[in-house]
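*Asks:* Got a structure for you, written out below as structure tokens; questions coming shortly.
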Amino acid sequence: MARKKKVDIIESADIAEMTNSSVSGWPILAQGTHLTVKTFEDGRTELVWDDAQLLKEVQEAIASAELAALKPAVRAKAVRKKKVVE
């Protein structure tokens, strides 16, 4: 099941507070969970990756896929064991 990622569009007023950008509202930032896209006035884009968050999401996806591949009885036991450990 695909999960839709939350993407926040940051307004130009917020950008001015966060960066040393000009008053014109450029660059425009689109921020996701592990990737921020900066779009500049001349049309060029810059990608800023959050490697730690990306790694965490990949590890969670792998664990979820491995759990889904287990038989139902084994999966229930693994979920209970995981809850006890956490």
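Every chain in the structure tokens has a letter given in the order shown (A, B, ...), and although residue numbers restart at 1 in each chain, ligands are simply numbered from 1 in the order shown.
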Got a sec to tell me which of segment 19-69 of chain A DSSP assigns to helix (DSSP H, G or I), as a PyMOL selection string?
*Replies:* chain A and resi 51-68
*Asks:* Tell me, as a list in words, which residues lie within 9 Å of Phe40 of chain A, counting only C-alpha atoms; anything in the same chain fewer than 2 positions away does not count.
*Replies:*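 So the residues in contact are Trp26, Pro27, Ile28, Leu29, Lys38, Asp42, Gly43, Arg44, Thr45 and Glu46 of chain A.
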*Asks:* Any chance you can output those residues with N, CA and C atoms as an mmCIF file, in the first residue's frame?
*Replies:*
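Saved result, again_11.cif, follows:
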```cif
data_model
loop_
_atom_site.group_PDB
_atom_site.id
_atom_site.type_symbol
_atom_site.label_atom_id
_atom_site.label_comp_id
_atom_site.auth_asym_id
_atom_site.auth_seq_id
_atom_site.Cartn_x
_atom_site.Cartn_y
_atom_site.Cartn_z
ATOM 1 N N TRP A 26 12.043 34.725 -3.678
ATOM 2 C CA TRP A 26 12.820 33.640 -4.248
ATOM 3 C C TRP A 26 13.947 33.283 -3.316
ATOM 4 N N PRO A 27 14.385 32.138 -3.173
ATOM 5 C CA PRO A 27 13.919 30.899 -3.807
ATOM 6 C C PRO A 27 12.661 30.371 -3.131
ATOM 7 N N ILE A 28 11.919 29.554 -3.868
ATOM 8 C CA ILE A 28 10.725 28.906 -3.343
ATOM 9 C C ILE A 28 11.151 27.532 -2.843
ATOM 10 N N LEU A 29 10.751 27.183 -1.625
ATOM 11 C CA LEU A 29 11.117 25.897 -1.035
ATOM 12 C C LEU A 29 9.906 24.977 -0.978
ATOM 13 N N LYS A 38 14.713 23.511 -3.620
ATOM 14 C CA LYS A 38 14.781 24.973 -3.740
ATOM 15 C C LYS A 38 14.675 25.313 -5.224
ATOM 16 N N ASP A 42 15.660 31.974 -11.712
ATOM 17 C CA ASP A 42 16.143 31.678 -13.068
ATOM 18 C C ASP A 42 15.749 30.279 -13.545
ATOM 19 N N GLY A 43 14.999 29.537 -12.731
ATOM 20 C CA GLY A 43 14.494 28.226 -13.127
ATOM 21 C C GLY A 43 15.330 27.060 -12.648
ATOM 22 N N ARG A 44 16.491 27.315 -12.109
ATOM 23 C CA ARG A 44 17.324 26.207 -11.642
ATOM 24 C C ARG A 44 16.800 25.715 -10.293
ATOM 25 N N THR A 45 17.036 24.446 -10.021
ATOM 26 C CA THR A 45 16.597 23.843 -8.767
ATOM 27 C C THR A 45 17.789 23.257 -8.028
ATOM 28 N N GLU A 46 17.644 23.180 -6.720
ATOM 29 C CA GLU A 46 18.679 22.599 -5.869
ATOM 30 C C GLU A 46 17.991 21.620 -4.926
#
```
*Asks:* Suppose you want the space between atom CA of Arg80 of chain A and atom CA of Ser64 of chain A; what is it in Å?
*Replies:* 14.5 Å
*Asks:* In Å, with one decimal, what is the gap from atom CA of Ala78 of chain A to atom CA of Ala52 of chain A?
*Replies:*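 Separation between atom CA of Ala78 of chain A and atom CA of Ala52 of chain A: 25.7 Å.
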*Asks:* When you draw a straight line from atom CA of Val37 of chain A to atom CA of Ala65 of chain A, how long is it in Å?
*Replies:*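 Between these atoms lies a distance of 28.6 Å.
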*Asks:* Using only C-alpha atoms, which residues sit within 12 Å of Asp51 of chain A once same-chain residues fewer than 4 positions away are excluded, as a VMD selection string?
*Replies:* chain A and resid 33 to 36 47 55 to 58
